[in-house]
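Participant: Structure below; questions to follow.
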Amino acid sequence: MEAAVQIDGKNYHFGNPQNDIGINEITRNNQNLKSIFEYFDKNGDNKLSTEEIKQAFSVFTKLDQANGKKDGKLTDKEIENGLKLFSKNSKITTADYKNFIRSLASTNDGKKLANDLLTQISGPSLNDNTLALLSKIDETNVLEVIKQYNKISPKESLASAVDNEWGLEIKDVKSKICSPLVARAKILNIKNVSHEQYQDIKNISDLNKFINSTVKRIETVESKIAQTDSIEPIKRNRQYKPVSNVVTMQLIKRFPNGKGGFYTDISQMPKNEQAKYLEKAENITKMVIEKCQKYDIEEIAPVIADVLGNESGGYNFCKKSMENPGGLYKGVMQVDFKTCQCIYSEGGKINEAWHKAHFSQDDARIDEMKKKYPTAKDLFQAIQKDVELGLEVGIIALKAKIHEAKNSVSGGISKYCGGNYSCNLLNVPSTINFI
């Protein structure tokens with residue numbers, strides 16, 4: 001892996017990459033950058049590990065092929081020719097690829113650069129040396145340089161110091177500080193910040209106001225991004241909150257309040273009960289989303305959570321209930337033995353035809369089940385002890401019922417639950433098509 005590569009005259013260093021960089025931290029909510037990110041995020045966890053980052057650096061440096069030889073510089077043509085394969089998104093530009101590299105790599109330590117600038121400006125050195133340092137400022141370190149300089153020189157901003165430097169002018173502030181600052185804002189998709197705004201400013205006082213305002217806006221957006229990246233990927237899933245709301249409602253209405261009724265809000269519960277309640281709600285929510293993702297029905301995850309809650313007595317997964325001595329327990333989704341026979345094609349010609357019509361897209365998973373549980377009876381016994389297996393079998397059966405109801409979600413639920421049950425279908429599609 002190359003130590004550095006030069007892009008637009010600046011060296012981007014690829015040594016010692018950090019680990020687990022979040023998708024928003026790198027892409028700053030830019031959809032084109034997210035498409036590039038997804039190419040390198042091989043395990044799909046919305047983070048780039050050290051190995052994934054090294055792989056990205058390796059791919060980028062291999063594009064350096066000037067006349068068949070590496071010269072340590074990546075030109076726009078080299079990037080454009082090499083990276084067309086990374087994404088089917090035709091909107092991605094060479095600038096997007098360069099921004100992605102800059103997001104991963106480092107140019108110069110912003111704090112050190114700010115310290116060097118203060119030493120340079122306050123000394124008797126030539127302004128050419130100041131310009132050389134200012135040229136090291138880019139969109140990756142500009143915020144850190146400005147903030148560090150303000151910290152070590154509270155009486156005079158970097159912009160004012162440059163403007164007061166002999167031989168330098170306000171135009172140098174605009175080109176060396178404002179330009180990379182606006183570039184940083186554009187990567188973050190911050191609206192109403194443009195190069196035209198600072199070009200029309202005539203005095204350093206107003207330019208400082210522009211710089212300070214832009215810095216605050218960038219900090220606000222990046223703070224939100226940092227908070228998002230600290231959240232588990234599954235909790236960033238768009239269905240997490242809707243599913244969590246369903247689970248919360250199902251659980252809370254079944255917690256006795258000791259007064260002959262049930263709680264209506266978690267805040268009413270004793271503190272020691274709240275912790276157990278929250279842990280259970282979170283675990284169920286994650287399980288539902290993960291299984292819905294596995295079976296390509298993520299868009300109706302709230303429905304699965306609702307059916308699961310009602311068909312299992314409000315998520316009553318206790319050992320006593322699941323290991324019923326009489327063997328009457330059907331699993332968390334009330335899966336009966338006949339359904340297991342249909343899934344395994346063991347129920348005669350009618351069931352075999354039903355299986356072929358409705359379970360074909362899940363055959364790979366069914367084959368896995370057959371290897372572990374050779375007969376429908378084995379599977380039926382297994383779901384009486386395994387919550388997640390019971391949920392999976394229930395999802396497969398519910399998908400079949402939805403398909404049988406001409407892809408109607410409500411029709412499939414009615415068939416699955418015996419016609420006497422309906423759930424909240426707000427914000428979920430009325431139909432779902434299976435390939």
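The chains in the structure tokens are called A, B, ... from first to last as shown; in each chain the residues are counted from 1, and the ligands are counted from 1 in the order shown.
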What's around Val162 of chain A at 10 Å? Count only C-alpha atoms, leave out sequence neighbours fewer than 3 positions away in its own chain, and write the answer as a list in words.

Facilitator: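 Within the cut-off, the hits are Leu117, Leu118, Ile121, Asn127, Thr130, Leu131, Leu134, Glu156, Ser157, Leu158, Ala159, Glu165, Trp166, Gly167, Leu168, Glu169, Ile170, Lys171, Asp172, Val173, Lys176, Ile177 and Ile204 of chain A.
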
Participant: Take the residues just selected and output them with C-alpha atoms as a PDB file, in the first residue's frame.

Facilitator:
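Dumped everything to part-v5.pdb:
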```
ATOM      1  CA  LEU A 117       1.154  29.622  11.144  1.00  0.00           C
ATOM      2  CA  LEU A 118       1.161  31.588  14.395  1.00  0.00           C
ATOM      3  CA  ILE A 121       3.118  35.211  11.145  1.00  0.00           C
ATOM      4  CA  ASN A 127       5.367  36.162   3.480  1.00  0.00           C
ATOM      5  CA  THR A 130       3.260  32.150   5.196  1.00  0.00           C
ATOM      6  CA  LEU A 131       1.660  31.450   1.816  1.00  0.00           C
ATOM      7  CA  LEU A 134      -1.612  28.529   4.043  1.00  0.00           C
ATOM      8  CA  GLU A 156      -6.549  38.074  16.512  1.00  0.00           C
ATOM      9  CA  SER A 157      -8.201  35.584  14.141  1.00  0.00           C
ATOM     10  CA  LEU A 158      -6.257  33.775  11.452  1.00  0.00           C
ATOM     11  CA  ALA A 159      -8.060  35.772   8.754  1.00  0.00           C
ATOM     12  CA  GLU A 165       0.737  40.333   7.225  1.00  0.00           C
ATOM     13  CA  TRP A 166       3.004  42.471   5.086  1.00  0.00           C
ATOM     14  CA  GLY A 167       2.552  41.658   1.409  1.00  0.00           C
ATOM     15  CA  LEU A 168      -0.648  39.660   1.900  1.00  0.00           C
ATOM     16  CA  GLU A 169      -4.187  40.873   1.232  1.00  0.00           C
ATOM     17  CA  ILE A 170      -7.820  39.984   1.807  1.00  0.00           C
ATOM     18  CA  LYS A 171      -7.794  38.017  -1.458  1.00  0.00           C
ATOM     19  CA  ASP A 172      -5.311  35.624   0.137  1.00  0.00           C
ATOM     20  CA  VAL A 173      -7.725  35.042   3.021  1.00  0.00           C
ATOM     21  CA  LYS A 176      -6.568  30.081   1.336  1.00  0.00           C
ATOM     22  CA  ILE A 177      -9.209  30.008   4.102  1.00  0.00           C
ATOM     23  CA  ILE A 204     -11.838  41.770   6.885  1.00  0.00           C
TER      24      ILE A 204
END
```

Participant: Where does DSSP see alpha helix (DSSP H) in segment 182-311 of chain A, if you list the residues as a ChimeraX atom specification?

Facilitator: /A:182-187,195-199,204-229,240-252,271-294,301-311

Participant: Atoms to include: C-alpha atoms. Write the selected residues as an mmCIF file, in the first residue's frame.

Facilitator:
```cif
data_model
loop_
_atom_site.group_PDB
_atom_site.id
_atom_site.type_symbol
_atom_site.label_atom_id
_atom_site.label_comp_id
_atom_site.auth_asym_id
_atom_site.auth_seq_id
_atom_site.Cartn_x
_atom_site.Cartn_y
_atom_site.Cartn_z
ATOM 1 C CA VAL A 182 -16.943 26.479 1.629
ATOM 2 C CA ALA A 183 -15.725 23.237 0.050
ATOM 3 C CA ARG A 184 -16.161 21.552 3.452
ATOM 4 C CA ALA A 185 -19.683 22.985 3.731
ATOM 5 C CA LYS A 186 -20.587 21.681 0.274
ATOM 6 C CA ILE A 187 -19.469 18.154 1.170
ATOM 7 C CA HIS A 195 -17.989 30.989 -3.064
ATOM 8 C CA GLU A 196 -19.865 34.013 -4.413
ATOM 9 C CA GLN A 197 -20.774 35.126 -0.902
ATOM 10 C CA TYR A 198 -17.252 35.772 0.300
ATOM 11 C CA GLN A 199 -15.979 37.063 -3.038
ATOM 12 C CA ILE A 204 -11.838 41.770 6.885
ATOM 13 C CA SER A 205 -14.393 42.375 9.653
ATOM 14 C CA ASP A 206 -17.266 41.176 7.469
ATOM 15 C CA LEU A 207 -15.116 38.321 6.175
ATOM 16 C CA ASN A 208 -14.506 37.187 9.767
ATOM 17 C CA LYS A 209 -18.277 37.181 10.336
ATOM 18 C CA PHE A 210 -18.736 34.990 7.258
ATOM 19 C CA ILE A 211 -16.020 32.596 8.401
ATOM 20 C CA ASN A 212 -17.357 32.361 11.970
ATOM 21 C CA SER A 213 -20.911 31.812 10.759
ATOM 22 C CA THR A 214 -19.846 29.075 8.337
ATOM 23 C CA VAL A 215 -17.725 27.370 11.012
ATOM 24 C CA LYS A 216 -20.720 27.261 13.379
ATOM 25 C CA ARG A 217 -22.971 25.773 10.699
ATOM 26 C CA ILE A 218 -20.398 23.102 9.864
ATOM 27 C CA GLU A 219 -19.911 22.262 13.556
ATOM 28 C CA THR A 220 -23.669 21.892 14.042
ATOM 29 C CA VAL A 221 -24.030 19.485 11.121
ATOM 30 C CA GLU A 222 -20.943 17.484 12.037
ATOM 31 C CA SER A 223 -22.106 17.195 15.631
ATOM 32 C CA LYS A 224 -25.363 15.647 14.446
ATOM 33 C CA ILE A 225 -23.464 13.315 12.145
ATOM 34 C CA ALA A 226 -21.182 12.217 14.984
ATOM 35 C CA GLN A 227 -24.223 11.455 17.140
ATOM 36 C CA THR A 228 -25.747 9.394 14.321
ATOM 37 C CA ASP A 229 -22.555 7.427 13.775
ATOM 38 C CA TYR A 240 -36.352 0.622 13.987
ATOM 39 C CA LYS A 241 -38.565 3.320 15.496
ATOM 40 C CA PRO A 242 -41.874 2.047 14.008
ATOM 41 C CA VAL A 243 -41.112 -1.511 15.173
ATOM 42 C CA SER A 244 -39.950 -0.280 18.565
ATOM 43 C CA ASN A 245 -43.216 1.659 18.976
ATOM 44 C CA VAL A 246 -45.259 -1.477 18.253
ATOM 45 C CA VAL A 247 -43.192 -3.571 20.664
ATOM 46 C CA THR A 248 -43.462 -0.897 23.355
ATOM 47 C CA MET A 249 -47.250 -0.799 23.037
ATOM 48 C CA GLN A 250 -47.556 -4.584 23.111
ATOM 49 C CA LEU A 251 -45.306 -4.972 26.145
ATOM 50 C CA ILE A 252 -46.519 -2.135 28.324
ATOM 51 C CA LYS A 271 -37.037 1.727 38.242
ATOM 52 C CA ASN A 272 -35.890 -1.894 38.555
ATOM 53 C CA GLU A 273 -38.706 -3.026 36.254
ATOM 54 C CA GLN A 274 -37.963 -0.315 33.666
ATOM 55 C CA ALA A 275 -34.484 -1.661 32.927
ATOM 56 C CA LYS A 276 -35.774 -5.192 32.307
ATOM 57 C CA TYR A 277 -38.603 -3.857 30.186
ATOM 58 C CA LEU A 278 -36.292 -1.729 28.015
ATOM 59 C CA GLU A 279 -33.848 -4.589 27.491
ATOM 60 C CA LYS A 280 -36.611 -6.927 26.399
ATOM 61 C CA ALA A 281 -38.163 -4.313 24.079
ATOM 62 C CA GLU A 282 -34.798 -3.638 22.424
ATOM 63 C CA ASN A 283 -33.992 -7.328 21.932
ATOM 64 C CA ILE A 284 -37.391 -8.050 20.364
ATOM 65 C CA THR A 285 -37.139 -5.004 18.091
ATOM 66 C CA LYS A 286 -33.707 -6.048 16.820
ATOM 67 C CA MET A 287 -34.828 -9.656 16.297
ATOM 68 C CA VAL A 288 -37.841 -8.592 14.222
ATOM 69 C CA ILE A 289 -35.834 -6.233 11.990
ATOM 70 C CA GLU A 290 -33.012 -8.735 11.443
ATOM 71 C CA LYS A 291 -35.445 -11.497 10.457
ATOM 72 C CA CYS A 292 -37.454 -9.183 8.188
ATOM 73 C CA GLN A 293 -34.235 -8.136 6.452
ATOM 74 C CA LYS A 294 -33.293 -11.790 6.017
ATOM 75 C CA ALA A 301 -41.540 -5.102 9.745
ATOM 76 C CA PRO A 302 -44.038 -3.229 12.006
ATOM 77 C CA VAL A 303 -46.747 -5.682 10.890
ATOM 78 C CA ILE A 304 -44.542 -8.657 11.796
ATOM 79 C CA ALA A 305 -43.906 -7.093 15.216
ATOM 80 C CA ASP A 306 -47.645 -6.648 15.718
ATOM 81 C CA VAL A 307 -48.542 -10.186 14.627
ATOM 82 C CA LEU A 308 -45.721 -11.585 16.759
ATOM 83 C CA GLY A 309 -47.004 -9.742 19.813
ATOM 84 C CA ASN A 310 -50.576 -10.876 19.399
ATOM 85 C CA GLU A 311 -49.853 -14.442 18.334
#
```

Participant: So, with only C-alpha atoms as the atoms that count, which of A:Thr50, A:Tyr373, A:Ile7, A:Ser58 lies closest to Ala95 of chain A?

Facilitator: A:Ile7

Participant: With distances taken over only C-alpha atoms, which of A:Ile366, A:Leu379, A:Ile266, A:Ile432 is nearest to Ala405 of chain A?

Facilitator: A:Ile432

Participant: So, counting only C-alpha atoms, which residue among A:Cys340, A:Val193, A:Ile396, A:Ala376 is closest to Asp362 of chain A?

Facilitator: A:Ile396

Participant: So that I can see what lies close to segment 72-80 of chain A, please list as a PDB file with C-alpha atoms, in the first residue's frame the residues with an atom at most 6 Å from it, counting only C-alpha atoms and leaving out residues fewer than 3 positions away in the same chain.

Facilitator:
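Ended up saving to around.pdb:
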```
ATOM      1  CA  VAL A   5      -0.841   9.903  -3.304  1.00  0.00           C
ATOM      2  CA  GLN A   6      -1.001  13.400  -4.717  1.00  0.00           C
ATOM      3  CA  ILE A   7      -4.342  14.850  -5.808  1.00  0.00           C
ATOM      4  CA  LEU A  63      -5.292   3.864 -10.470  1.00  0.00           C
ATOM      5  CA  ASP A  64      -1.997   5.746 -10.661  1.00  0.00           C
ATOM      6  CA  LEU A  83     -13.673   4.261 -10.960  1.00  0.00           C
ATOM      7  CA  THR A  94     -14.597  12.639 -10.424  1.00  0.00           C
TER       8      THR A  94
END
```

Participant: Tell me which of A:Lys54, A:Leu126, A:Val409, A:Gly394 sits closest to Asn424 of chain A, counting only C-alpha atoms.

Facilitator: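 Between A:Lys54, A:Leu126, A:Val409, A:Gly394, the residue approaching Asn424 of chain A most closely is A:Val409.
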
Participant: Have a look at atom CA of Pro180 of chain A and atom CA of Asn129 of chain A and let me know their distance in Å, one decimal.

Facilitator: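 For atom CA of Pro180 of chain A relative to atom CA of Asn129 of chain A, the distance reads 19.3 Å.
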
Participant: Quick one: pick out all strand (DSSP E) residues within segment 47-280 of chain A from a backbone DSSP run and write them as a tab-separated table (two decimals) with C-alpha atoms, in the first residue's frame.

Facilitator:
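Once written, states-v3.tsv looks like this:
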```
chain	number	residue	atom	x	y	z
A	47	LYS	CA	-18.63	1.21	9.00
A	48	LEU	CA	-15.22	0.86	7.38
A	73	LYS	CA	-0.12	11.51	-8.65
A	74	LEU	CA	-3.77	10.78	-9.38
```

Participant: If we count only C-alpha atoms and set the cut-off at 7 Å, which residues sit around segment 141-150 of chain A, ignoring sequence neighbours fewer than 2 positions away in its own chain? Please answer as number ranges by chain.

Facilitator: A: 110-111, 113-115, 137-139, 152-154, 157-158, 180-181, 215

Participant: How many Å separate atom CA of Asp367 of chain A from atom CA of Ile343 of chain A?

Facilitator: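 For atom CA of Asp367 of chain A relative to atom CA of Ile343 of chain A, the distance reads 10.1 Å.
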